[in-house]
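Pasting upload_19.txt here (compact mmCIF, N, CA and C atoms):
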```txt
# COMPACT_ATOMS: atom_id res chain seq x y z
N MET A 1 -36.88 18.79 10.48
CA MET A 1 -37.59 18.75 9.18
C MET A 1 -38.67 17.67 9.21
N SER A 2 -39.83 17.97 8.62
CA SER A 2 -40.91 16.98 8.61
C SER A 2 -40.54 15.85 7.66
N LYS A 3 -41.24 14.76 7.86
CA LYS A 3 -41.11 13.61 6.98
C LYS A 3 -41.45 14.04 5.54
N ASP A 4 -40.82 13.43 4.59
CA ASP A 4 -41.07 13.73 3.17
C ASP A 4 -42.58 13.73 2.88
N PRO A 5 -43.09 14.84 2.36
CA PRO A 5 -44.52 14.92 2.07
C PRO A 5 -45.00 13.81 1.12
N ARG A 6 -44.13 13.36 0.24
CA ARG A 6 -44.53 12.27 -0.68
C ARG A 6 -44.78 10.97 0.09
N LYS A 7 -43.95 10.73 1.12
CA LYS A 7 -44.13 9.53 1.94
C LYS A 7 -45.42 9.62 2.75
N LYS A 8 -45.64 10.79 3.35
CA LYS A 8 -46.85 10.95 4.17
C LYS A 8 -48.09 10.83 3.30
N PHE A 9 -48.03 11.42 2.11
CA PHE A 9 -49.17 11.35 1.20
C PHE A 9 -49.43 9.88 0.82
N GLY A 10 -48.38 9.16 0.52
CA GLY A 10 -48.52 7.76 0.13
C GLY A 10 -49.15 6.92 1.24
N GLU A 11 -48.71 7.19 2.47
CA GLU A 11 -49.28 6.44 3.61
C GLU A 11 -50.76 6.76 3.79
N ARG A 12 -51.10 8.01 3.56
CA ARG A 12 -52.51 8.43 3.70
C ARG A 12 -53.37 7.74 2.63
N ILE A 13 -52.87 7.71 1.42
CA ILE A 13 -53.63 7.06 0.34
C ILE A 13 -53.81 5.57 0.65
N ARG A 14 -52.73 4.93 1.08
CA ARG A 14 -52.82 3.50 1.37
C ARG A 14 -53.84 3.24 2.48
N ALA A 15 -53.81 4.06 3.53
CA ALA A 15 -54.74 3.86 4.66
C ALA A 15 -56.19 4.05 4.19
N LEU A 16 -56.43 5.10 3.42
CA LEU A 16 -57.81 5.37 2.96
C LEU A 16 -58.27 4.31 1.96
N ARG A 17 -57.35 3.84 1.13
CA ARG A 17 -57.70 2.79 0.17
C ARG A 17 -58.11 1.52 0.91
N LYS A 18 -57.35 1.18 1.96
CA LYS A 18 -57.68 -0.05 2.70
C LYS A 18 -59.00 0.11 3.45
N GLU A 19 -59.20 1.30 4.04
CA GLU A 19 -60.49 1.58 4.70
C GLU A 19 -61.66 1.38 3.73
N ALA A 20 -61.43 1.76 2.47
CA ALA A 20 -62.48 1.64 1.45
C ALA A 20 -62.59 0.22 0.92
N GLY A 21 -61.68 -0.67 1.36
CA GLY A 21 -61.72 -2.07 0.91
C GLY A 21 -61.35 -2.24 -0.55
N LEU A 22 -60.49 -1.37 -1.06
CA LEU A 22 -60.09 -1.44 -2.47
C LEU A 22 -58.67 -1.96 -2.63
N SER A 23 -58.42 -2.70 -3.71
CA SER A 23 -57.04 -3.05 -4.07
C SER A 23 -56.42 -1.85 -4.80
N GLN A 24 -55.11 -1.88 -4.96
CA GLN A 24 -54.46 -0.80 -5.73
C GLN A 24 -55.04 -0.74 -7.14
N GLU A 25 -55.28 -1.90 -7.71
CA GLU A 25 -55.80 -1.93 -9.08
C GLU A 25 -57.20 -1.35 -9.15
N GLU A 26 -58.03 -1.68 -8.16
CA GLU A 26 -59.39 -1.13 -8.14
C GLU A 26 -59.36 0.39 -7.99
N LEU A 27 -58.53 0.87 -7.05
CA LEU A 27 -58.44 2.32 -6.87
C LEU A 27 -57.95 2.99 -8.16
N ALA A 28 -56.94 2.39 -8.78
CA ALA A 28 -56.42 2.95 -10.03
C ALA A 28 -57.52 3.03 -11.09
N ASN A 29 -58.30 1.97 -11.19
CA ASN A 29 -59.37 1.96 -12.20
C ASN A 29 -60.40 3.05 -11.94
N VAL A 30 -60.83 3.18 -10.68
CA VAL A 30 -61.85 4.18 -10.36
C VAL A 30 -61.30 5.59 -10.60
N ALA A 31 -60.01 5.79 -10.29
CA ALA A 31 -59.41 7.12 -10.40
C ALA A 31 -58.94 7.44 -11.82
N GLY A 32 -58.94 6.42 -12.69
CA GLY A 32 -58.47 6.66 -14.05
C GLY A 32 -56.95 6.80 -14.12
N LEU A 33 -56.26 6.11 -13.20
CA LEU A 33 -54.80 6.15 -13.18
C LEU A 33 -54.26 4.74 -13.42
N HIS A 34 -52.96 4.62 -13.61
CA HIS A 34 -52.39 3.30 -13.86
C HIS A 34 -52.05 2.63 -12.53
N ARG A 35 -52.27 1.31 -12.47
CA ARG A 35 -51.99 0.53 -11.26
C ARG A 35 -50.56 0.74 -10.75
N THR A 36 -49.59 0.75 -11.64
CA THR A 36 -48.21 0.90 -11.18
C THR A 36 -47.95 2.31 -10.66
N TYR A 37 -48.67 3.28 -11.20
CA TYR A 37 -48.54 4.67 -10.71
C TYR A 37 -49.08 4.76 -9.29
N VAL A 38 -50.24 4.14 -9.03
CA VAL A 38 -50.80 4.17 -7.67
C VAL A 38 -49.84 3.48 -6.69
N GLY A 39 -49.23 2.39 -7.10
CA GLY A 39 -48.25 1.72 -6.23
C GLY A 39 -47.08 2.64 -5.90
N ALA A 40 -46.58 3.34 -6.91
CA ALA A 40 -45.44 4.26 -6.69
C ALA A 40 -45.85 5.42 -5.78
N ILE A 41 -47.08 5.91 -5.94
CA ILE A 41 -47.57 6.98 -5.07
C ILE A 41 -47.60 6.49 -3.62
N GLU A 42 -48.14 5.30 -3.41
CA GLU A 42 -48.24 4.78 -2.03
C GLU A 42 -46.86 4.58 -1.40
N ARG A 43 -45.87 4.30 -2.20
CA ARG A 43 -44.51 4.13 -1.67
C ARG A 43 -43.78 5.47 -1.53
N GLY A 44 -44.43 6.56 -1.92
CA GLY A 44 -43.82 7.88 -1.78
C GLY A 44 -42.77 8.16 -2.83
N GLU A 45 -42.85 7.46 -3.96
CA GLU A 45 -41.82 7.59 -4.99
C GLU A 45 -42.13 8.63 -6.05
N ARG A 46 -43.36 9.16 -6.03
CA ARG A 46 -43.74 10.13 -7.06
C ARG A 46 -44.23 11.42 -6.43
N ASN A 47 -43.98 12.50 -7.14
CA ASN A 47 -44.40 13.83 -6.73
C ASN A 47 -45.71 14.14 -7.46
N ILE A 48 -46.81 13.69 -6.87
CA ILE A 48 -48.12 13.74 -7.54
C ILE A 48 -48.57 15.17 -7.83
N SER A 49 -49.31 15.34 -8.91
CA SER A 49 -49.80 16.67 -9.29
C SER A 49 -51.20 16.92 -8.74
N LEU A 50 -51.57 18.20 -8.73
CA LEU A 50 -52.89 18.60 -8.22
C LEU A 50 -54.03 17.81 -8.90
N LEU A 51 -54.00 17.70 -10.21
CA LEU A 51 -55.13 17.04 -10.88
C LEU A 51 -55.22 15.56 -10.51
N ASN A 52 -54.08 14.92 -10.27
CA ASN A 52 -54.14 13.52 -9.85
C ASN A 52 -54.55 13.39 -8.37
N ILE A 53 -54.19 14.38 -7.55
CA ILE A 53 -54.70 14.40 -6.17
C ILE A 53 -56.23 14.46 -6.20
N VAL A 54 -56.76 15.32 -7.07
CA VAL A 54 -58.22 15.45 -7.20
C VAL A 54 -58.84 14.13 -7.67
N GLN A 55 -58.22 13.48 -8.65
CA GLN A 55 -58.75 12.20 -9.14
C GLN A 55 -58.81 11.15 -8.02
N LEU A 56 -57.72 11.07 -7.24
CA LEU A 56 -57.69 10.09 -6.15
C LEU A 56 -58.72 10.43 -5.08
N SER A 57 -58.87 11.74 -4.79
CA SER A 57 -59.83 12.12 -3.74
C SER A 57 -61.25 11.74 -4.14
N ARG A 58 -61.57 11.92 -5.41
CA ARG A 58 -62.92 11.56 -5.87
C ARG A 58 -63.13 10.05 -5.77
N ALA A 59 -62.10 9.30 -6.16
CA ALA A 59 -62.21 7.84 -6.12
C ALA A 59 -62.37 7.35 -4.68
N LEU A 60 -61.78 8.07 -3.73
CA LEU A 60 -61.83 7.66 -2.32
C LEU A 60 -62.98 8.36 -1.58
N ARG A 61 -63.74 9.20 -2.29
CA ARG A 61 -64.90 9.90 -1.73
C ARG A 61 -64.54 10.75 -0.51
N VAL A 62 -63.41 11.45 -0.65
CA VAL A 62 -63.03 12.45 0.34
C VAL A 62 -62.69 13.72 -0.43
N THR A 63 -62.35 14.80 0.27
CA THR A 63 -61.96 16.02 -0.46
C THR A 63 -60.45 16.00 -0.71
N PRO A 64 -59.99 16.77 -1.71
CA PRO A 64 -58.55 16.89 -1.91
C PRO A 64 -57.84 17.36 -0.63
N ALA A 65 -58.45 18.31 0.09
CA ALA A 65 -57.82 18.80 1.34
C ALA A 65 -57.65 17.65 2.33
N ASP A 66 -58.64 16.76 2.41
CA ASP A 66 -58.53 15.60 3.32
C ASP A 66 -57.27 14.78 3.04
N LEU A 67 -56.91 14.67 1.78
CA LEU A 67 -55.75 13.84 1.42
C LEU A 67 -54.44 14.47 1.91
N LEU A 68 -54.43 15.79 2.15
CA LEU A 68 -53.21 16.45 2.61
C LEU A 68 -53.18 16.65 4.12
N GLU A 69 -54.20 16.18 4.83
CA GLU A 69 -54.22 16.32 6.31
C GLU A 69 -52.97 15.70 6.90
N GLY A 70 -52.35 16.43 7.81
CA GLY A 70 -51.17 15.88 8.50
C GLY A 70 -49.87 16.15 7.79
N ILE A 71 -49.94 16.71 6.57
CA ILE A 71 -48.71 17.06 5.83
C ILE A 71 -48.39 18.52 6.15
N SER A 72 -47.13 18.81 6.38
CA SER A 72 -46.78 20.20 6.72
C SER A 72 -45.46 20.61 6.11
N MET B 1 -70.00 19.67 -13.45
CA MET B 1 -68.55 19.53 -13.19
C MET B 1 -68.04 20.76 -12.45
N SER B 2 -67.15 20.55 -11.47
CA SER B 2 -66.62 21.69 -10.71
C SER B 2 -65.67 22.47 -11.60
N LYS B 3 -65.42 23.68 -11.18
CA LYS B 3 -64.44 24.54 -11.84
C LYS B 3 -63.08 23.84 -11.84
N ASP B 4 -62.29 24.09 -12.85
CA ASP B 4 -60.96 23.48 -12.95
C ASP B 4 -60.19 23.67 -11.64
N PRO B 5 -59.73 22.57 -11.04
CA PRO B 5 -58.99 22.67 -9.78
C PRO B 5 -57.76 23.58 -9.88
N ARG B 6 -57.15 23.66 -11.06
CA ARG B 6 -55.98 24.53 -11.22
C ARG B 6 -56.37 26.00 -11.08
N LYS B 7 -57.57 26.35 -11.60
CA LYS B 7 -58.05 27.73 -11.49
C LYS B 7 -58.39 28.06 -10.04
N LYS B 8 -59.07 27.13 -9.38
CA LYS B 8 -59.45 27.38 -7.99
C LYS B 8 -58.21 27.50 -7.11
N PHE B 9 -57.25 26.64 -7.36
CA PHE B 9 -56.01 26.70 -6.59
C PHE B 9 -55.31 28.04 -6.81
N GLY B 10 -55.26 28.47 -8.05
CA GLY B 10 -54.60 29.74 -8.37
C GLY B 10 -55.28 30.92 -7.68
N GLU B 11 -56.61 30.90 -7.66
CA GLU B 11 -57.33 31.99 -6.98
C GLU B 11 -57.06 31.99 -5.48
N ARG B 12 -56.96 30.79 -4.93
CA ARG B 12 -56.68 30.67 -3.49
C ARG B 12 -55.29 31.22 -3.17
N ILE B 13 -54.32 30.86 -3.99
CA ILE B 13 -52.95 31.35 -3.77
C ILE B 13 -52.92 32.88 -3.86
N ARG B 14 -53.56 33.40 -4.89
CA ARG B 14 -53.55 34.86 -5.07
C ARG B 14 -54.18 35.55 -3.86
N ALA B 15 -55.33 35.02 -3.39
CA ALA B 15 -56.02 35.64 -2.26
C ALA B 15 -55.14 35.59 -1.01
N LEU B 16 -54.53 34.45 -0.73
CA LEU B 16 -53.69 34.33 0.46
C LEU B 16 -52.43 35.17 0.35
N ARG B 17 -51.88 35.25 -0.86
CA ARG B 17 -50.69 36.08 -1.06
C ARG B 17 -51.02 37.55 -0.78
N LYS B 18 -52.18 38.01 -1.27
CA LYS B 18 -52.54 39.41 -1.05
C LYS B 18 -52.82 39.67 0.43
N GLU B 19 -53.51 38.71 1.08
CA GLU B 19 -53.73 38.83 2.52
C GLU B 19 -52.41 38.99 3.27
N ALA B 20 -51.38 38.28 2.79
CA ALA B 20 -50.07 38.34 3.44
C ALA B 20 -49.29 39.58 3.03
N GLY B 21 -49.84 40.36 2.09
CA GLY B 21 -49.18 41.59 1.67
C GLY B 21 -47.91 41.34 0.86
N LEU B 22 -47.89 40.24 0.13
CA LEU B 22 -46.70 39.90 -0.65
C LEU B 22 -46.94 40.11 -2.14
N SER B 23 -45.91 40.50 -2.86
CA SER B 23 -45.96 40.51 -4.33
C SER B 23 -45.70 39.09 -4.82
N GLN B 24 -46.00 38.84 -6.11
CA GLN B 24 -45.69 37.51 -6.67
C GLN B 24 -44.20 37.21 -6.52
N GLU B 25 -43.38 38.23 -6.74
CA GLU B 25 -41.94 38.01 -6.67
C GLU B 25 -41.51 37.68 -5.24
N GLU B 26 -42.09 38.38 -4.27
CA GLU B 26 -41.74 38.10 -2.87
C GLU B 26 -42.17 36.68 -2.48
N LEU B 27 -43.39 36.31 -2.86
CA LEU B 27 -43.85 34.94 -2.55
C LEU B 27 -42.93 33.91 -3.20
N ALA B 28 -42.59 34.15 -4.45
CA ALA B 28 -41.71 33.23 -5.18
C ALA B 28 -40.37 33.08 -4.45
N ASN B 29 -39.82 34.20 -4.01
CA ASN B 29 -38.52 34.15 -3.32
C ASN B 29 -38.62 33.36 -2.02
N VAL B 30 -39.65 33.63 -1.23
CA VAL B 30 -39.79 32.93 0.04
C VAL B 30 -40.00 31.43 -0.19
N ALA B 31 -40.76 31.09 -1.24
CA ALA B 31 -41.08 29.69 -1.50
C ALA B 31 -39.99 28.96 -2.27
N GLY B 32 -39.01 29.71 -2.76
CA GLY B 32 -37.95 29.07 -3.55
C GLY B 32 -38.42 28.65 -4.92
N LEU B 33 -39.38 29.41 -5.48
CA LEU B 33 -39.90 29.12 -6.82
C LEU B 33 -39.61 30.32 -7.72
N HIS B 34 -39.83 30.16 -9.01
CA HIS B 34 -39.58 31.27 -9.93
C HIS B 34 -40.81 32.17 -10.01
N ARG B 35 -40.55 33.46 -10.13
CA ARG B 35 -41.63 34.46 -10.22
C ARG B 35 -42.61 34.14 -11.36
N THR B 36 -42.12 33.75 -12.50
CA THR B 36 -43.04 33.48 -13.62
C THR B 36 -43.86 32.21 -13.36
N TYR B 37 -43.28 31.28 -12.60
CA TYR B 37 -44.02 30.06 -12.25
C TYR B 37 -45.17 30.40 -11.31
N VAL B 38 -44.92 31.27 -10.32
CA VAL B 38 -45.99 31.67 -9.40
C VAL B 38 -47.10 32.40 -10.16
N GLY B 39 -46.73 33.23 -11.11
CA GLY B 39 -47.74 33.91 -11.93
C GLY B 39 -48.61 32.91 -12.69
N ALA B 40 -47.97 31.91 -13.28
CA ALA B 40 -48.71 30.89 -14.05
C ALA B 40 -49.61 30.07 -13.13
N ILE B 41 -49.14 29.78 -11.91
CA ILE B 41 -49.97 29.05 -10.94
C ILE B 41 -51.21 29.88 -10.61
N GLU B 42 -51.03 31.16 -10.35
CA GLU B 42 -52.17 32.01 -9.98
C GLU B 42 -53.19 32.11 -11.12
N ARG B 43 -52.72 32.02 -12.35
CA ARG B 43 -53.64 32.06 -13.50
C ARG B 43 -54.24 30.69 -13.82
N GLY B 44 -53.87 29.68 -13.05
CA GLY B 44 -54.44 28.34 -13.27
C GLY B 44 -53.86 27.64 -14.48
N GLU B 45 -52.67 28.04 -14.87
CA GLU B 45 -52.08 27.49 -16.11
C GLU B 45 -51.17 26.30 -15.87
N ARG B 46 -50.87 26.02 -14.58
CA ARG B 46 -49.96 24.92 -14.30
C ARG B 46 -50.60 23.91 -13.36
N ASN B 47 -50.21 22.66 -13.54
CA ASN B 47 -50.69 21.56 -12.71
C ASN B 47 -49.64 21.32 -11.62
N ILE B 48 -49.73 22.07 -10.55
CA ILE B 48 -48.68 22.10 -9.52
C ILE B 48 -48.51 20.74 -8.84
N SER B 49 -47.29 20.46 -8.42
CA SER B 49 -47.01 19.17 -7.77
C SER B 49 -47.10 19.32 -6.24
N LEU B 50 -47.20 18.17 -5.59
CA LEU B 50 -47.29 18.13 -4.12
C LEU B 50 -46.16 18.91 -3.45
N LEU B 51 -44.92 18.70 -3.88
CA LEU B 51 -43.80 19.36 -3.20
C LEU B 51 -43.86 20.88 -3.36
N ASN B 52 -44.35 21.35 -4.49
CA ASN B 52 -44.49 22.81 -4.65
C ASN B 52 -45.69 23.35 -3.89
N ILE B 53 -46.75 22.55 -3.74
CA ILE B 53 -47.86 22.95 -2.86
C ILE B 53 -47.32 23.15 -1.44
N VAL B 54 -46.48 22.22 -0.99
CA VAL B 54 -45.91 22.31 0.35
C VAL B 54 -45.03 23.56 0.47
N GLN B 55 -44.22 23.83 -0.54
CA GLN B 55 -43.36 25.03 -0.51
C GLN B 55 -44.19 26.31 -0.38
N LEU B 56 -45.27 26.40 -1.19
CA LEU B 56 -46.12 27.60 -1.14
C LEU B 56 -46.82 27.70 0.21
N SER B 57 -47.27 26.56 0.75
CA SER B 57 -47.99 26.61 2.03
C SER B 57 -47.07 27.13 3.13
N ARG B 58 -45.83 26.70 3.12
CA ARG B 58 -44.88 27.17 4.14
C ARG B 58 -44.64 28.66 3.99
N ALA B 59 -44.49 29.11 2.75
CA ALA B 59 -44.23 30.54 2.51
C ALA B 59 -45.42 31.38 2.95
N LEU B 60 -46.63 30.82 2.84
CA LEU B 60 -47.85 31.56 3.21
C LEU B 60 -48.27 31.28 4.66
N ARG B 61 -47.50 30.45 5.35
CA ARG B 61 -47.76 30.12 6.76
C ARG B 61 -49.15 29.53 6.99
N VAL B 62 -49.53 28.64 6.09
CA VAL B 62 -50.76 27.85 6.26
C VAL B 62 -50.37 26.39 6.03
N THR B 63 -51.32 25.47 6.18
CA THR B 63 -50.99 24.07 5.91
C THR B 63 -51.27 23.76 4.43
N PRO B 64 -50.62 22.71 3.90
CA PRO B 64 -50.93 22.29 2.54
C PRO B 64 -52.44 22.04 2.37
N ALA B 65 -53.07 21.41 3.37
CA ALA B 65 -54.52 21.13 3.27
C ALA B 65 -55.31 22.44 3.12
N ASP B 66 -54.88 23.49 3.83
CA ASP B 66 -55.57 24.79 3.72
C ASP B 66 -55.58 25.28 2.27
N LEU B 67 -54.51 25.01 1.55
CA LEU B 67 -54.43 25.51 0.17
C LEU B 67 -55.44 24.80 -0.75
N LEU B 68 -55.88 23.61 -0.36
CA LEU B 68 -56.84 22.88 -1.21
C LEU B 68 -58.28 23.04 -0.75
N GLU B 69 -58.51 23.85 0.29
CA GLU B 69 -59.89 24.07 0.76
C GLU B 69 -60.76 24.58 -0.37
N GLY B 70 -61.93 24.00 -0.52
CA GLY B 70 -62.88 24.48 -1.53
C GLY B 70 -62.70 23.82 -2.89
N ILE B 71 -61.64 23.01 -3.02
CA ILE B 71 -61.44 22.29 -4.28
C ILE B 71 -62.08 20.91 -4.14
N SER B 72 -62.77 20.46 -5.16
CA SER B 72 -63.45 19.14 -5.05
C SER B 72 -63.40 18.37 -6.36
```

Could you take the file, read its structure, and then write that structure out as structure tokens?
Amino acid sequence: MSKDPRKKFGERIRALRKEAGLSQEELANVAGLHRTYVGAIERGERNISLLNIVQLSRALRVTPADLLEGIS
Amino acid sequence: MSKDPRKKFGERIRALRKEAGLSQEELANVAGLHRTYVGAIERGERNISLLNIVQLSRALRVTPADLLEGIS
């Protein structure tokens, strides 16, 4: 069985956020999400919805599909 | 503004489901989801979660990222 998709997604967000030089709070602000929610996403604790995936992708200037790369 | 991501996702699921020659009920069964839920997803009425995106992608034998192609 593959690694939990929530964990892989969280790791991907954290890596892209760091590449962009953003703090969790900065990413949350740009994406219109709450700082504690972004933290929980990065730890793989939340089952994020499509619309929030889209919000994060826009904030990170990638496509929604890019955020799911490597998840299977 | 782009088209609602939920609508685009629903159209993508419907197209891939038809390509696979599956009914909504068959797709729902393979994915472990409810038939009425799959119908609502295809109509863009639900904000699907990551874990259900993964379930549908496995049932359709594509990657989760493939399901988000064209959404921005």

Handout entry: Test item: residues at most 8 Å from segment 56-65 of chain A, all atoms listed in the file, excluding those fewer than 3 positions along its chain, as an MDAnalysis selection string
Key = (chainID A and resid 16:17 20 27 29:33 50:53 68:70) or (chainID B and resid 64:72)

Practice task
Using DSSP on the backbone coordinates, identify all residues within segment 18-72 of chain B classified as alpha helix (DSSP H); present the result as a PyMOL selection string.
Solution key: chain B and resi 18-19+24-31+35-42+50-59+64-67

Exercise for the section: To one decimal in Å, tell me the separation between atom CA of Phe9 of chain B and atom CA of Arg14 of chain A. Expected result: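 One can read the atom CA of Phe9 of chain B to atom CA of Arg14 of chain A distance as 24.7 Å.
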
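The interatomic distance for the pair atom N of Glu45 of chain B and atom C of Lys3 of chain B works out to 11.6 Å.
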
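Note that the spacing between atom C of Ile48 of chain A and atom N of Val38 of chain B amounts to 16.7 Å.
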
Fewer than 6 positions away in the same chain doesn't count, so skip those; otherwise give me all residues within 6 Å of Arg43 of chain A, counting all atoms listed in the file, as a PDB file with N, CA and C atoms, in the coordinates of the input.
```pdb
ATOM      1  N   ARG A   6     -44.130  13.360   0.240  1.00  0.00           N
ATOM      2  CA  ARG A   6     -44.530  12.270  -0.680  1.00  0.00           C
ATOM      3  C   ARG A   6     -44.780  10.970   0.090  1.00  0.00           C
ATOM      4  N   LYS A   7     -43.950  10.730   1.120  1.00  0.00           N
ATOM      5  CA  LYS A   7     -44.130   9.530   1.940  1.00  0.00           C
ATOM      6  C   LYS A   7     -45.420   9.620   2.750  1.00  0.00           C
ATOM      7  N   GLY A  10     -48.380   9.160   0.520  1.00  0.00           N
ATOM      8  CA  GLY A  10     -48.520   7.760   0.130  1.00  0.00           C
ATOM      9  C   GLY A  10     -49.150   6.920   1.240  1.00  0.00           C
TER      10      GLY A  10
END
```
